[in-house]
Each structure stands twice: as structure tokens, then as C-alpha cells.
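Source file: entry35.txt (compact mmCIF, C-alpha atoms)
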```txt
# COMPACT_ATOMS: atom_id res chain seq x y z
CA MET H 1 10.62 -2.85 -7.82
CA SER H 2 12.68 -0.51 -5.62
CA LYS H 3 11.34 2.70 -4.23
CA ARG H 4 12.37 5.82 -6.07
CA PRO H 5 14.85 7.79 -3.94
CA PHE H 6 14.16 11.34 -2.91
CA ILE H 7 17.17 13.31 -4.21
CA ARG H 8 18.03 16.66 -2.67
CA LYS H 9 20.87 19.01 -1.80
CA ALA H 10 22.77 17.94 1.31
CA GLN H 11 22.24 20.00 4.42
CA ARG H 12 24.51 20.55 7.40
CA ALA H 13 22.32 18.15 9.40
CA ASP H 14 23.28 15.36 6.96
CA LEU H 15 26.99 15.51 7.70
CA GLU H 16 27.19 12.65 10.19
CA ARG H 17 25.21 10.28 7.95
CA LEU H 18 27.09 11.49 4.89
CA GLN H 19 30.45 10.79 6.51
CA THR H 20 29.26 7.30 7.43
CA LEU H 21 28.36 6.72 3.78
CA TYR H 22 31.73 8.13 2.65
CA LEU H 23 33.53 5.49 4.73
CA GLN H 24 32.41 3.04 2.03
CA LEU H 25 34.29 4.95 -0.70
CA SER H 26 37.58 3.25 0.09
CA ALA H 27 39.34 1.33 2.83
CA HIS H 28 41.61 4.34 3.42
CA ASN H 29 38.83 6.86 4.01
CA THR H 30 38.39 8.16 7.55
CA ALA H 31 35.75 10.39 9.08
CA ILE H 32 36.52 14.04 9.69
CA PRO H 33 35.84 15.48 13.18
CA PRO H 34 32.36 17.10 13.21
CA HIS H 35 33.56 20.70 13.63
CA GLU H 36 35.98 20.33 10.71
CA ALA H 37 33.30 18.69 8.56
CA GLU H 38 30.96 21.60 9.26
CA GLU H 39 33.63 24.15 8.31
CA LEU H 40 34.45 22.30 5.09
CA PHE H 41 30.77 21.95 4.22
CA GLU H 42 30.19 25.68 4.66
CA ARG H 43 33.27 26.44 2.59
CA PHE H 44 32.07 24.11 -0.16
CA LYS H 45 28.62 25.73 -0.19
CA ARG H 46 30.27 29.00 -1.25
CA TYR H 47 31.25 27.48 -4.63
CA ASP H 48 28.54 28.94 -6.86
CA GLY H 49 26.39 26.25 -8.44
CA SER H 50 28.25 23.41 -6.74
CA GLU H 51 26.35 20.97 -4.55
CA ILE H 52 26.52 17.72 -2.65
CA PHE H 53 23.46 15.67 -3.51
CA VAL H 54 22.01 12.89 -1.39
CA GLY H 55 19.44 10.22 -2.10
CA GLU H 56 17.08 9.07 0.63
CA VAL H 57 14.77 6.08 0.88
CA ASP H 58 12.64 5.67 4.00
CA GLU H 59 14.72 8.41 5.66
CA LEU H 60 17.93 6.43 5.07
CA LEU H 61 20.77 8.12 3.21
CA VAL H 62 21.43 5.62 0.40
CA SER H 63 23.43 7.55 -2.20
CA SER H 64 25.42 10.70 -2.79
CA CYS H 65 27.63 12.54 -5.22
CA THR H 66 29.40 15.88 -5.29
CA LEU H 67 29.11 18.25 -8.25
CA VAL H 68 31.54 21.13 -8.69
CA VAL H 69 30.74 23.79 -11.30
CA ILE H 70 33.91 25.32 -12.73
CA PRO H 71 33.99 28.71 -14.48
CA ASN H 72 35.54 28.61 -17.94
CA LEU H 73 37.19 31.08 -20.30
CA THR H 74 36.61 28.84 -23.35
CA LYS H 75 33.43 27.45 -24.92
CA ALA H 76 31.88 30.93 -25.01
CA GLY H 77 32.32 31.17 -21.24
CA LYS H 78 30.14 28.15 -20.48
CA PRO H 79 31.18 26.37 -17.28
CA TYR H 80 31.80 22.66 -16.95
CA ALA H 81 31.15 20.34 -14.04
CA LEU H 82 33.08 17.65 -12.27
CA ILE H 83 31.40 14.86 -10.30
CA GLU H 84 33.26 13.22 -7.42
CA ASN H 85 32.55 11.04 -4.40
CA VAL H 86 29.89 8.92 -6.09
CA ILE H 87 28.64 6.39 -3.56
CA THR H 88 25.66 4.14 -2.97
CA ASP H 89 25.32 2.34 0.33
CA GLU H 90 26.55 -1.26 -0.02
CA GLY H 91 23.20 -2.65 1.14
CA HIS H 92 21.27 -0.61 -1.43
CA ARG H 93 23.28 -1.10 -4.62
CA GLY H 94 21.75 -2.33 -7.85
CA ARG H 95 18.42 -0.58 -7.26
CA GLY H 96 18.96 2.54 -9.38
CA TYR H 97 19.66 4.92 -6.49
CA GLY H 98 23.14 5.87 -7.67
CA LYS H 99 21.95 6.47 -11.23
CA ALA H 100 19.06 8.61 -9.98
CA THR H 101 21.51 10.71 -7.96
CA LEU H 102 23.84 11.12 -10.96
CA ASP H 103 20.88 12.05 -13.18
CA PHE H 104 19.82 14.69 -10.65
CA ALA H 105 23.35 16.11 -10.48
CA THR H 106 23.64 16.18 -14.27
CA THR H 107 20.32 18.02 -14.59
CA HIS H 108 21.58 20.54 -12.04
CA ALA H 109 24.77 21.04 -14.11
CA TRP H 110 22.71 21.70 -17.26
CA GLN H 111 20.61 24.22 -15.30
CA GLN H 112 23.87 25.96 -14.32
CA GLY H 113 24.72 26.31 -18.04
CA CYS H 114 27.47 23.67 -18.07
CA TYR H 115 28.41 22.35 -21.48
CA LYS H 116 29.77 19.06 -20.11
CA VAL H 117 29.87 16.96 -16.97
CA MET H 118 32.93 14.84 -16.23
CA LEU H 119 33.78 12.19 -13.71
CA MET H 120 36.69 9.86 -13.15
CA THR H 121 36.84 6.53 -11.41
CA GLY H 122 39.80 4.62 -10.12
CA SER H 123 37.84 1.40 -10.43
CA LYS H 124 38.59 -1.13 -13.13
CA GLU H 125 35.63 -3.29 -12.09
CA ALA H 126 33.42 -4.09 -15.06
CA ALA H 127 30.27 -3.53 -13.00
CA THR H 128 31.39 -0.05 -11.94
CA LEU H 129 32.30 0.97 -15.49
CA GLU H 130 28.99 -0.39 -16.76
CA PHE H 131 27.17 1.58 -14.03
CA TYR H 132 28.64 4.82 -15.35
CA ARG H 133 27.79 3.87 -18.94
CA ARG H 134 24.18 3.13 -17.95
CA ALA H 135 24.11 6.53 -16.25
CA GLY H 136 24.92 8.12 -19.63
CA PHE H 137 28.65 8.72 -19.26
CA GLU H 138 31.02 7.80 -22.07
CA GLN H 139 34.64 6.78 -21.66
CA THR H 140 36.00 9.22 -24.25
CA LYS H 141 39.08 10.82 -22.72
CA THR H 142 42.23 9.70 -21.01
CA GLY H 143 42.53 10.86 -17.43
CA PHE H 144 45.73 11.77 -15.68
CA GLN H 145 46.31 12.80 -12.11
CA LYS H 146 49.17 13.88 -9.94
CA ARG H 147 49.04 13.22 -6.23
CA ARG H 148 51.10 14.66 -3.46
```

Show me the file's structure as C-alpha cells.
Amino acid sequence: MSKRPFIRKAQRADLERLQTLYLQLSAHNTAIPPHEAEELFERFKRYDGSEIFVGEVDELLVSSCTLVVIPNLTKAGKPYALIENVITDEGHRGRGYGKATLDFATTHAWQQGCYKVMLMTGSKEAATLEFYRRAGFEQTKTGFQKRR
């Protein structure tokens, strides 16, 4: 049985380890210079209710996701949340760390009064889609995006 990860809000001191983890998101991802990462982190922290969560096991950063809480003028003014940058370290996958991090983020969204939590994935891998289903997410909508 795997150790249960300690999930918490990311701190500025986590940025170097977090960026190392983010390099596993895609082959095209590159690290941001430390001073820029710090500025972006501080800017992100100003988004009320939004957080970057990290999971640690034996002081190793093993998982992370970003939750953005978005104000809303519908649904009686209840906000909604978007999860992005879901990652579990390649050497620690299949142990429940990613699911624990998503569960923590979802609980945080409910505490912020969100009426729904959404995420999108570009993956078509059956294992990835099943991971999100096991984490309680349903594939109920069609996603569209426009990139520059």
C-alpha cells in the first residue's frame, strides 16, 4: 500500500520543484526563469480562491494541480472552478497521489461555494480518461478551444 500524500497549497519555495514536475506535462513544456516564475506565482495568488496544490510523499513533490475559481453572474452568483496542469510524477503514478490531489482541489472548490468543477484533457489515452472518471469527473460536455 502506498503512503498517503500530504496535500497542501503550493508556496513560493516550491517553484523550482514544481517547474521540474511541470516538465513532465508535455514534450513542449519548458521551465520559466526563476524570477519570472516568482512574478507569475505572486500574480496567480491574487486570484481569490484559486490555488496551486501539491502532493508530497517523503518530502518529494509527487503531484500537483491548479484550481482557478471564476466569478459568475449566473447560477445565483455561484462561482465555478477550472482545474488545469494535473500532473503526477512519472515514477509515482498509479498510487492514488493524483486522485488525492484532485479530491483536495475539489473540496477546496466546494468550500469556495463553486457549483461545479471542470477540467479538460488533451489526452485520448484510455488510462488517463479512466483516471479522471475514477476521480469523480464525468465526460458530459464537448470542449472547444482556440489557440493563438

Coordinates-based distance that separates atom CA of H:Thr106 from atom CA of H:Ile7 (Å, one decimal): 12.3 Å

List as a PyMOL selection string the protein and nucleic acid residues near stretch 86-94 of chain H, meaning an atom at most 8 Å away when all atoms listed in the file are counted, but skip any in the same chain fewer than 2 places from it. chain H and resi 21-22+24-25+61-66+83-84+96-98

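Among the candidates H:Pro79, H:Ala31, H:Arg4, H:Thr128, the one nearest to H:Arg17 when counting only C-alpha atoms is H:Ala31.
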
Can you list, as a list in words, every protein, DNA or RNA residue that comes within 12 Å of H:Glu36 when you count only C-alpha atoms, leaving out same-chain residues fewer than 6 positions away? Arg12, Leu15, Glu16, Gln19, Glu42 and Arg43 of chain H

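By only C-alpha atoms, and with residues fewer than 2 positions from stretch 47-51 of chain H along its chain excluded, the set lying at most 10 Å from it is H:Arg8, H:Lys9, H:Ala10, H:Gln11, H:Phe41, H:Glu42, H:Arg43, H:Phe44, H:Lys45, H:Phe53, H:Val54, H:Cys65, H:Thr66, H:Leu67, H:Val68, H:Val69, H:Ile70, H:Pro71, H:Ala81, H:Leu82, H:Ile83, H:Ala105, H:His108, H:Ala109, H:Gln111, H:Gln112, H:Gly113.
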
Compile the contact shell of H:Thr142 as a VMD selection string: residues with an atom at most 12 Å away, counting all atoms listed in the file, same-chain residues fewer than 3 positions apart removed. chain H and resid 118 to 121 138 to 139 145

Could you check which of H:Leu18, H:Ala100, H:Ile52, H:Ala76 is closest to H:Cys114, using all atoms listed in the file? H:Ala76

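Our summary of the geometry notes that atom CA of H:Tyr132 is positioned 18.6 Å from atom CA of H:Tyr115.
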
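Candidate residues H:Val117, H:Leu102, H:Gly77, H:Arg147 were compared for distance to H:Arg134, and the nearest is H:Leu102, using only C-alpha atoms.
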
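Take the candidates H:Ala13, H:Glu59, H:Arg46, H:Thr101 and check each one against H:Pro34 using all atoms listed in the file; the shortest distance goes to H:Ala13.
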
For stretch 100-126 of chain H of the block above, can you save N, CA, C and O atoms as a JSON list (two decimals), in the first residue's frame?
```json
[["chain", "number", "residue", "atom", "x", "y", "z"],
["H", 100, "ALA", "N", -5.81, 11.90, -5.05],
["H", 100, "ALA", "CA", -5.86, 12.60, -3.77],
["H", 100, "ALA", "C", -5.72, 14.11, -3.96],
["H", 100, "ALA", "O", -6.41, 14.89, -3.30],
["H", 101, "THR", "N", -4.87, 14.51, -4.87],
["H", 101, "THR", "CA", -4.68, 15.94, -5.15],
["H", 101, "THR", "C", -5.93, 16.53, -5.78],
["H", 101, "THR", "O", -6.38, 17.63, -5.40],
["H", 102, "LEU", "N", -6.54, 15.82, -6.73],
["H", 102, "LEU", "CA", -7.79, 16.29, -7.34],
["H", 102, "LEU", "C", -8.91, 16.35, -6.31],
["H", 102, "LEU", "O", -9.72, 17.29, -6.31],
["H", 103, "ASP", "N", -8.99, 15.36, -5.43],
["H", 103, "ASP", "CA", -10.02, 15.38, -4.38],
["H", 103, "ASP", "C", -9.85, 16.60, -3.48],
["H", 103, "ASP", "O", -10.81, 17.26, -3.11],
["H", 104, "PHE", "N", -8.61, 16.90, -3.13],
["H", 104, "PHE", "CA", -8.31, 18.05, -2.28],
["H", 104, "PHE", "C", -8.73, 19.35, -2.97],
["H", 104, "PHE", "O", -9.36, 20.22, -2.37],
["H", 105, "ALA", "N", -8.40, 19.46, -4.25],
["H", 105, "ALA", "CA", -8.75, 20.66, -5.02],
["H", 105, "ALA", "C", -10.27, 20.79, -5.14],
["H", 105, "ALA", "O", -10.82, 21.90, -5.02],
["H", 106, "THR", "N", -10.95, 19.69, -5.37],
["H", 106, "THR", "CA", -12.41, 19.72, -5.49],
["H", 106, "THR", "C", -13.05, 20.16, -4.17],
["H", 106, "THR", "O", -13.96, 20.99, -4.16],
["H", 107, "THR", "N", -12.56, 19.62, -3.06],
["H", 107, "THR", "CA", -13.07, 20.04, -1.75],
["H", 107, "THR", "C", -12.87, 21.53, -1.55],
["H", 107, "THR", "O", -13.76, 22.24, -1.06],
["H", 108, "HIS", "N", -11.71, 22.03, -1.95],
["H", 108, "HIS", "CA", -11.45, 23.47, -1.84],
["H", 108, "HIS", "C", -12.46, 24.26, -2.68],
["H", 108, "HIS", "O", -12.97, 25.29, -2.23],
["H", 109, "ALA", "N", -12.75, 23.79, -3.89],
["H", 109, "ALA", "CA", -13.74, 24.48, -4.74],
["H", 109, "ALA", "C", -15.10, 24.51, -4.07],
["H", 109, "ALA", "O", -15.78, 25.54, -4.09],
["H", 110, "TRP", "N", -15.52, 23.40, -3.47],
["H", 110, "TRP", "CA", -16.82, 23.38, -2.78],
["H", 110, "TRP", "C", -16.80, 24.38, -1.62],
["H", 110, "TRP", "O", -17.79, 25.08, -1.39],
["H", 111, "GLN", "N", -15.69, 24.46, -0.90],
["H", 111, "GLN", "CA", -15.58, 25.41, 0.21],
["H", 111, "GLN", "C", -15.64, 26.85, -0.28],
["H", 111, "GLN", "O", -16.04, 27.74, 0.47],
["H", 112, "GLN", "N", -15.26, 27.10, -1.53],
["H", 112, "GLN", "CA", -15.33, 28.43, -2.12],
["H", 112, "GLN", "C", -16.72, 28.73, -2.67],
["H", 112, "GLN", "O", -16.96, 29.79, -3.24],
["H", 113, "GLY", "N", -17.65, 27.78, -2.54],
["H", 113, "GLY", "CA", -19.03, 27.97, -3.00],
["H", 113, "GLY", "C", -19.25, 27.62, -4.46],
["H", 113, "GLY", "O", -20.31, 27.95, -5.01],
["H", 114, "CYS", "N", -18.28, 26.99, -5.11],
["H", 114, "CYS", "CA", -18.43, 26.65, -6.52],
["H", 114, "CYS", "C", -19.56, 25.64, -6.71],
["H", 114, "CYS", "O", -19.74, 24.74, -5.89],
["H", 115, "TYR", "N", -20.30, 25.78, -7.80],
["H", 115, "TYR", "CA", -21.36, 24.83, -8.08],
["H", 115, "TYR", "C", -20.89, 23.71, -9.00],
["H", 115, "TYR", "O", -21.55, 22.67, -9.09],
["H", 116, "LYS", "N", -19.73, 23.89, -9.66],
["H", 116, "LYS", "CA", -19.16, 22.82, -10.47],
["H", 116, "LYS", "C", -17.65, 23.02, -10.59],
["H", 116, "LYS", "O", -17.14, 24.13, -10.40],
["H", 117, "VAL", "N", -16.99, 21.92, -10.89],
["H", 117, "VAL", "CA", -15.56, 21.92, -11.15],
["H", 117, "VAL", "C", -15.36, 21.25, -12.50],
["H", 117, "VAL", "O", -15.89, 20.16, -12.73],
["H", 118, "MET", "N", -14.62, 21.90, -13.38],
["H", 118, "MET", "CA", -14.40, 21.39, -14.72],
["H", 118, "MET", "C", -12.91, 21.18, -14.96],
["H", 118, "MET", "O", -12.09, 21.86, -14.38],
["H", 119, "LEU", "N", -12.62, 20.22, -15.83],
["H", 119, "LEU", "CA", -11.27, 20.09, -16.34],
["H", 119, "LEU", "C", -11.35, 19.55, -17.75],
["H", 119, "LEU", "O", -12.35, 18.96, -18.16],
["H", 120, "MET", "N", -10.32, 19.79, -18.50],
["H", 120, "MET", "CA", -10.21, 19.26, -19.86],
["H", 120, "MET", "C", -8.88, 18.54, -19.96],
["H", 120, "MET", "O", -7.93, 18.88, -19.27],
["H", 121, "THR", "N", -8.84, 17.55, -20.83],
["H", 121, "THR", "CA", -7.59, 16.89, -21.12],
["H", 121, "THR", "C", -7.44, 16.75, -22.62],
["H", 121, "THR", "O", -8.42, 16.56, -23.33],
["H", 122, "GLY", "N", -6.23, 16.88, -23.08],
["H", 122, "GLY", "CA", -5.96, 16.66, -24.49],
["H", 122, "GLY", "C", -5.64, 15.20, -24.77],
["H", 122, "GLY", "O", -5.52, 14.79, -25.92],
["H", 123, "SER", "N", -5.56, 14.42, -23.71],
["H", 123, "SER", "CA", -5.21, 13.01, -23.86],
["H", 123, "SER", "C", -6.39, 12.19, -24.36],
["H", 123, "SER", "O", -7.52, 12.42, -23.97],
["H", 124, "LYS", "N", -6.08, 11.24, -25.21],
["H", 124, "LYS", "CA", -7.08, 10.27, -25.66],
["H", 124, "LYS", "C", -6.75, 8.88, -25.10],
["H", 124, "LYS", "O", -7.41, 7.90, -25.43],
["H", 125, "GLU", "N", -5.73, 8.83, -24.25],
["H", 125, "GLU", "CA", -5.30, 7.57, -23.64],
["H", 125, "GLU", "C", -6.39, 7.05, -22.71],
["H", 125, "GLU", "O", -6.88, 7.78, -21.84],
["H", 126, "ALA", "N", -6.75, 5.79, -22.88],
["H", 126, "ALA", "CA", -7.79, 5.19, -22.06],
["H", 126, "ALA", "C", -7.46, 5.28, -20.57],
["H", 126, "ALA", "O", -8.34, 5.56, -19.75]]
```
